[in-house]
Amino acid sequence: MSAPATAAEVQTIAAARLLREARSVFIGVGRPSTAAILARRLYNPELVLIYESGTIGAKPRHVPLSIGDGELAETADAVVAVPEMFNYWIGPGRIDVAFLGAAQIDRRGNLNSTVIGPYEAPKTRLPGAGGAPEIAASCGEVVVVIPHGRRSFVERLDFRTTVGFGDAPDDRARLGFRGRGPTAVVTDLCLLEPDPETKELTLTELHPQVSVEAVREATGWELRVAAEVRRTAAPEAEELEALRGLSAR
Amino acid sequence: MSAPATAAEVQTIAAARLLREARSVFIGVGRPSTAAILARRLYNPELVLIYESGTIGAKPRHVPLSIGDGELAETADAVVAVPEMFNYWIGPGRIDVAFLGAAQIDRRGNLNSTVIGPYEAPKTRLPGAGGAPEIAASCGEVVVVIPHGRRSFVERLDFRTTVGFGDAPDDRARLGFRGRGPTAVVTDLCLLEPDPETKELTLTELHPQVSVEAVREATGWELRVAAEVRRTAAPEAEELEALRGLSAR
Amino acid sequence: MSAPKSLSEAIADLVRDGDTVALEGFTHLIPFAAGHELIRQRRRDLTLVRMTPDLLYDQMIGMGCARRLVFSYGGNPGVGSLHRFRDAIENGWPHPIEVEEHSHAGMANRFAAAASGLPFAVLRGYRGTDLMRHTRVATIECPFTGEELTAVPALDLDVAVVHAQEADRDGNVQLWGIPGVQKEAVLGARRSLVTVERLVDRLEPRPGGVIIPGWVLDAVAVAPSGAHPSYSLGITERDNDFYKAWDAIARDRDAFLAWMEEHVIAGGGDR
Amino acid sequence: MSAPKSLSEAIADLVRDGDTVALEGFTHLIPFAAGHELIRQRRRDLTLVRMTPDLLYDQMIGMGCARRLVFSYGGNPGVGSLHRFRDAIENGWPHPIEVEEHSHAGMANRFAAAASGLPFAVLRGYRGTDLMRHTRVATIECPFTGEELTAVPALDLDVAVVHAQEADRDGNVQLWGIPGVQKEAVLGARRSLVTVERLVDRLEPRPGGVIIPGWVLDAVAVAPSGAHPSYSLGITERDNDFYKAWDAIARDRDAFLAWMEEHVIAGGGDR
């Protein structure tokens, strides 16, 4: 018998399950990438994986370390230049789902991956925007995969790198965005979804053995909780085994 | 012994000779294309032939009927999409010389390839602009290859499809054009070059056996003639033979 | 994308009277078979968009499919005039058509803007010409340098039809040789059809190969020699003799109609 | 383009102190050998432009080559931080650097505008973010629809350096695999250098091959394994272990300097 699922594994599997019906998913490095590769392996063999390096329809057997590993180019249906990727594929909203990470998220699903502290004299300089602002604006929907804690779930972002729902429910429409924005935030504790009216992130599903209180405790704002909170189905043996078989080369 | 050169052959050879020093030439169909292929064959084997179909460095053995014949793609150093051709290659002025034709030309080297008669109710509908306006604006210099006659050499164009020197010597600068504009007009009678000051086309070289009077007669405006008019060197046997060997498939 | 369809079914499904349609292919890979099917299905009031109308639009205009033509070069390349195109504009036969013309650079950028989901594109072009006053372009100022440039509006395409060498059974397409603006046309249109020379089990990437994934296409149809008299590099050759012969056929209305009846209408779907 | 040069000669000829330089390659084909030569030749006050600074600019920043950094994603992909990049920004070591940051979409379009000789490009992007207030972009209105979009200024590059798999003896270059923005960088810069894995007598076009004619390049230099720890698809593999090991090396200033001294400075030109 294999070891029980860690919180991180539950998070990855819960994210992967969201891709059962998707046609195409845009992914970066790390846990979002693992989740999408797992989804293609387990639930959705036709799922088209798209990396900002230009690989469309990559079929990695392992989780690549970078978004530009050779295996991605070698197994892709098509490989395009970076300007084409952003102009012809991402910008026009051709991709169903984007999986994104971030260092900070706020209650409206806005993301920070730029700096902790003031921009001109940052305490921590983070990598920066990458493709996230336009990906989040244009893809059909966004799933944020992020660890849950008071450092990441903050009342106020130090920097708004990427717009989730902005400051108000109609901000995306006002900004002319094509996509629906964040439809789920998957953490190592739970799943949050935007309230249909206010677009505020709302706890809708708890991972096994996690309490509402634990999620509140790890959230830097006063958390909204759905009237009925679902419970994430515990990872199946097959899911865990597949996930563990994908470890990065 | 071969037949003597026709006026059209002298024209083509005179145009080809202008490419002795060029690195790259942009060409369309017809006589300009023949001239450039001949130049590569005879005088300048490194000459890079570029067609708006996207073929860069094509090496045709025969004059292609269209700018997209298979031989052009098969022998090219690189083949690019049409947006890339215009945006990355023509627009930024990467090409030394452009060979263009037209139905009408005026004394400032402006060209009409759109309509004879009024635009809304044309007497003759011509093919239209194609790549000419941007090619003429951006390439290092333009050589116009055109038959000489009062229907083509007109006082006033029915439509200005392509700017040579516009209406005044500084018009190209005012319009923000990169290239120097028409540096030569090669006809079946002569060669005209712009006056350095006024940019008005000036007869500078007569083909063998052609008189200044004959050129005046065939020109629809009062022709400027250079103080010293050169005489085109008669085609060499080798030039004629090479030209006749290139006939379109 | 579902499995490949017959060409007649694909055209019936995707193209409606009044649509704005681009059948693209720059000299190479011109989708003649699809255009002939549009003629046979008697589509009307189309806005026909192509950089180079070529013989295909000459035929479609002459057969009365077009209400409007958007183009940048309307000649028979290396041969001369497109007589049906001229007859429509000069004499309104078989009926008058509207014309919107651009330069190649402008059209290429209009396709690229459509593929990018942008409302316009910027280029250096049109300036100083009479074209500027007779077509849809605008002057735009660079917000950084103050320089004046030209904006062209994105094409607004209902349907794009292109021809390619091959597709696999999932509808992924590969073309090679002169790529023209085919990718831009397909990505810039609401609906898209690719006709192909042949189906293969697996696309083998080629030098110069452009691959268009099946999931951005609406239909693939097999049409062997479907680019004739244009060509599919590596499979068929450009029929330059036909391009030359077309001049005499198209010059005369009756000769044209007779040719179309014999070779396109009566010829059915299996040319 | 003349015949291939040595890398040290090419760098000495083409790159001057104070230049704006893009060493490009999106994860794949990163021109490490050329960057190391810049470090050995002690170039100073460079404006370093790259979408993804990666380990290469971490090294160049840490060795004091950079006055300014223009980028869109400054991480060690899949590993974590670029510690020298952070140390320069957070603590001004070895000296403070200026930063201008963009999104990938913005940077890609800035490269494309430079390659097109245009002063700016238009995209849907940046809107609603704090980036807009901290970088060089502008709002621009579509002259046809009135929609507001974002303009980014073209990059103004003195020199572009890219790595490719092969060149022929006339300096024509072919690269394949992930093409990134290399063509745009080369076409968008005043001067350009391509380092290659190998010289061949004749370029054999490959699937996915991008060919850059020698006549748009200023120099080609042979640098086998010149992308390590990045890679040249089909010839070398990405050294993911090195990317992971770099985290510990770069975290400490002394460890970093010792590593650079041993592997780059003392290592000379023949890595």
# chains A, B, ... in the order shown; residues from 1 in each chain; ligands from 1
$ closest_atom_pairs --of "chain D" --to "chain B" --cutoff "7 Å" --atoms "only C-alpha atoms" --output "tab-separated table"
residue	atom	partner	partner_atom	distance
D:Ala115	CA	B:Tyr88	CA	5.5
D:Ser116	CA	B:Tyr88	CA	4.6
D:Gly117	CA	B:Pro92	CA	4.5
D:Ile211	CA	B:Ala78	CA	5.8
$ select_by_dssp --residues "segment 60-117 of chain A" --states "alpha helix (DSSP H)" --output "PyMOL selection string"
chain A and resi 70-75+82-84
$ residues_around --residues "segment 81-96 of chain D" --least-positions-apart "2" --cutoff "10 Å" --atoms "only C-alpha atoms" --output "PyMOL selection string"
(chain A and resi 120-127) or (chain D and resi 53-69+74-79+98-99+246-253+256)
$ interface_residues --of "chain C" --to "chain D" --cutoff "6 Å" --atoms "only C-alpha atoms" --output "mmCIF file with N, CA, C and O atoms, in the first residue's frame"
data_model
loop_
_atom_site.group_PDB
_atom_site.id
_atom_site.type_symbol
_atom_site.label_atom_id
_atom_site.label_comp_id
_atom_site.auth_asym_id
_atom_site.auth_seq_id
_atom_site.Cartn_x
_atom_site.Cartn_y
_atom_site.Cartn_z
ATOM 1 N N PRO C 205 6.094 15.894 -39.702
ATOM 2 C CA PRO C 205 6.509 17.289 -39.915
ATOM 3 C C PRO C 205 7.547 17.421 -41.031
ATOM 4 O O PRO C 205 8.478 16.632 -41.113
ATOM 5 N N ARG C 206 7.350 18.425 -41.883
ATOM 6 C CA ARG C 206 8.195 18.660 -43.058
ATOM 7 C C ARG C 206 8.987 19.947 -42.899
ATOM 8 O O ARG C 206 8.511 20.860 -42.222
ATOM 9 N N PRO C 207 10.066 20.060 -43.619
ATOM 10 C CA PRO C 207 10.729 21.374 -43.684
ATOM 11 C C PRO C 207 9.734 22.397 -44.238
ATOM 12 O O PRO C 207 9.057 22.131 -45.236
#
$ residues_around --residues "Arg61 of chain B" --least-positions-apart "4" --cutoff "12 Å" --atoms "only C-alpha atoms" --output "MDAnalysis selection string"
chainID B and resid 34 36:38 40:41 69:72 74:75 242:243 245:249
$ residues_around --residues "segment 158-174 of chain B" --least-positions-apart "5" --cutoff "7 Å" --atoms "only C-alpha atoms" --output "number ranges by chain"
B: 108-118, 129, 132-133, 136, 181-182, 198-199; C: 128-131
$ select_by_dssp --residues "segment 70-240 of chain B" --states "strand (DSSP E)" --output "PyMOL selection string"
chain B and resi 78-79+97-100+104-105+111-112+115-116+124-125+141-145+182-186+190-194+201-206+224-231
$ write_last_selection --atoms "C-alpha atoms" --output "compact mmCIF listing (two decimals), in the first residue's frame"
# COMPACT_ATOMS: atom_id res chain seq x y z
CA ALA B 78 13.90 30.88 -46.78
CA VAL B 79 10.16 31.02 -47.38
CA VAL B 97 16.45 47.64 -54.85
CA ALA B 98 12.87 47.13 -55.98
CA PHE B 99 12.00 46.52 -59.62
CA LEU B 100 8.47 47.70 -60.35
CA GLN B 104 1.24 54.93 -66.01
CA ILE B 105 4.11 57.03 -64.72
CA LEU B 111 2.90 55.23 -60.62
CA ASN B 112 -0.62 54.15 -61.49
CA VAL B 115 -7.56 52.43 -63.04
CA ILE B 116 -7.65 54.28 -66.33
CA THR B 124 -10.07 50.20 -67.67
CA ARG B 125 -9.85 48.45 -64.34
CA GLU B 141 15.78 52.44 -54.22
CA VAL B 142 13.25 51.77 -56.96
CA VAL B 143 13.86 50.97 -60.61
CA VAL B 144 10.75 51.30 -62.77
CA VAL B 145 10.66 49.08 -65.84
CA PRO B 182 13.02 55.91 -58.09
CA THR B 183 16.66 56.16 -59.08
CA ALA B 184 16.06 54.97 -62.63
CA VAL B 185 13.24 54.40 -65.08
CA VAL B 186 14.19 51.92 -67.79
CA CYS B 190 15.94 55.02 -72.87
CA LEU B 191 16.86 55.45 -69.26
CA LEU B 192 15.62 58.35 -67.17
CA GLU B 193 16.98 59.44 -63.82
CA PRO B 194 15.62 61.97 -61.36
CA LEU B 201 12.71 62.45 -64.40
CA THR B 202 15.38 63.39 -66.88
CA LEU B 203 16.53 61.59 -70.01
CA THR B 204 20.12 60.55 -69.29
CA GLU B 205 20.75 57.59 -71.57
CA LEU B 206 19.45 56.59 -74.98
CA ARG B 224 13.77 67.23 -69.52
CA VAL B 225 16.97 66.13 -71.18
CA ALA B 226 20.33 65.97 -69.44
CA ALA B 227 23.15 68.19 -70.68
CA GLU B 228 25.04 65.09 -71.68
CA VAL B 229 23.03 62.09 -72.75
CA ARG B 230 24.86 58.76 -72.59
CA ARG B 231 24.33 55.95 -75.04
$ atom_distance --atom1 "atom CA of Thr232 of chain A" --atom2 "atom CA of Arg180 of chain A"
23.7 Å
$ residues_around --residues "Thr187 of chain B" --least-positions-apart "2" --cutoff "6 Å" --atoms "only C-alpha atoms" --output "number ranges by chain"
B: 11, 145-148, 189-190
$ closest_residue --among "A:Pro83, A:Ala22, A:Gly128, A:Glu200" --to "chain B" --atoms "only C-alpha atoms"
A:Pro83
$ atom_distance --atom1 "atom CA of Leu14 of chain D" --atom2 "atom CA of Gly130 of chain A"
29.5 Å
$ atom_distance --atom1 "atom CA of Met107 of chain C" --atom2 "atom CA of Tyr126 of chain C"
11.5 Å
$ residues_around --residues "Asp201 of chain C" --least-positions-apart "5" --cutoff "12 Å" --atoms "only C-alpha atoms" --output "PyMOL selection string"
chain C and resi 166-173
$ write_last_selection --atoms "N, CA and C atoms" --output "compact mmCIF listing (two decimals), in the first residue's frame"
# COMPACT_ATOMS: atom_id res chain seq x y z
N GLU C 166 -2.08 17.99 -46.59
CA GLU C 166 -2.59 16.79 -45.92
C GLU C 166 -3.20 17.07 -44.56
N ALA C 167 -4.04 16.14 -44.14
CA ALA C 167 -4.63 16.17 -42.80
C ALA C 167 -4.55 14.76 -42.23
N ASP C 168 -4.47 14.68 -40.91
CA ASP C 168 -4.59 13.37 -40.29
C ASP C 168 -6.06 13.13 -39.93
N ARG C 169 -6.34 11.97 -39.35
CA ARG C 169 -7.73 11.62 -39.15
C ARG C 169 -8.41 12.41 -38.03
N ASP C 170 -7.59 13.14 -37.22
CA ASP C 170 -8.17 14.05 -36.24
C ASP C 170 -8.36 15.46 -36.80
N GLY C 171 -8.07 15.62 -38.07
CA GLY C 171 -8.28 16.94 -38.67
C GLY C 171 -7.15 17.92 -38.45
N ASN C 172 -6.01 17.45 -37.95
CA ASN C 172 -4.84 18.32 -37.92
C ASN C 172 -4.31 18.43 -39.34
N VAL C 173 -3.87 19.63 -39.71
CA VAL C 173 -3.53 19.91 -41.10
C VAL C 173 -2.08 20.32 -41.20
